[in-house]
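**Student:** Once you've had a glance at the structure underneath, I'll fire off some questions.
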Amino acid sequence: MDSKIIHAACMRAAVTVIATGVAIIEQERNRIYIPREQRINSIAQREFYSDSILNRGDRHCVEQICMKPVILYRLCNVLTSRDLLRSTQNMSIRDQEIVFLQIGGQNQRFRFSSRIYYRSVETIYRYFRIILKAVHKLHKHLIKDSDDTVPTEIMNNRRFYPYFKV
């Protein structure tokens, strides 16, 4: 008699497990799924944005970063040749320069740049500071100190000389 009770209990447990499984499967089948938002390929988007600034013509580039693409590439070459700036795993020199010029030249906010480049505000701020320090070090090579002499054209002209008195 004990074996009949054990057999009946096992059968009830098996039926319960099967019924629960069927109920779960039926519930999942009737569930309304919300479609996932497509993932953004942030690397491709960053490249596309930088290329759209540089490749849409000189006028568009000057409107966006206040500099022609040729000049931007020259600046990048000067900064790398003097070992003031390096590409990192996260951002290329070109992107660093574009972010710097947009923030400095267009008075663009760090938060806006972070949304465009899919980076944190802290990352954008860090790269801005890196470029700012590199450009500051570059001033020694590009800016010549004045002689403290006033050219004769200005000194002899009453229109200009009062503004250039030493």
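Quick note on naming: the chains in the structure tokens go A, B, ... in the order shown, residues restart at 1 in each chain, and ligands are numbered from 1 in order of appearance.
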What lies within 12 Å of segment 80-90 of chain A using only C-alpha atoms, ignoring chain neighbours under 6 positions off, as a PyMOL selection string?

**Tutor:** chain A and resi 42-43+46+73-74+96-97+117-120+123-124+126-141

**Student:** Write out as a PyMOL selection string all residues of segment 6-162 of chain A that DSSP puts in alpha helix (DSSP H) for this structure's backbone.

**Tutor:** chain A and resi 6-30+42-55+58-65+69-81+93-106+110-117+121-142+152-155

**Student:** What separation in Å, quoted to one decimal, exists between atom CA of Ser50 of chain A and atom CA of Asp95 of chain A?

**Tutor:**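 Distance between the two atoms: 6.7 Å.
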
**Student:** What separation in Å, quoted to one decimal, exists between atom CA of Cys66 of chain A and atom CA of Phe100 of chain A?

**Tutor:**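 The value is 11.1 Å.
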
**Student:** Calculate how many Å separate atom CA of Met67 of chain A from atom CA of Arg94 of chain A, rounding to one decimal.

**Tutor:**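 Spanning atom CA of Met67 of chain A to atom CA of Arg94 of chain A is a straight-line distance of 12.7 Å.
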
**Student:** Just checking: using only C-alpha atoms, which residue out of A:Gln106, A:Asn157, A:Ser3, A:Ser113 ends up closest to Tyr49 of chain A?

**Tutor:**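 The shortest atom-to-atom distance to Tyr49 of chain A comes from A:Ser113.
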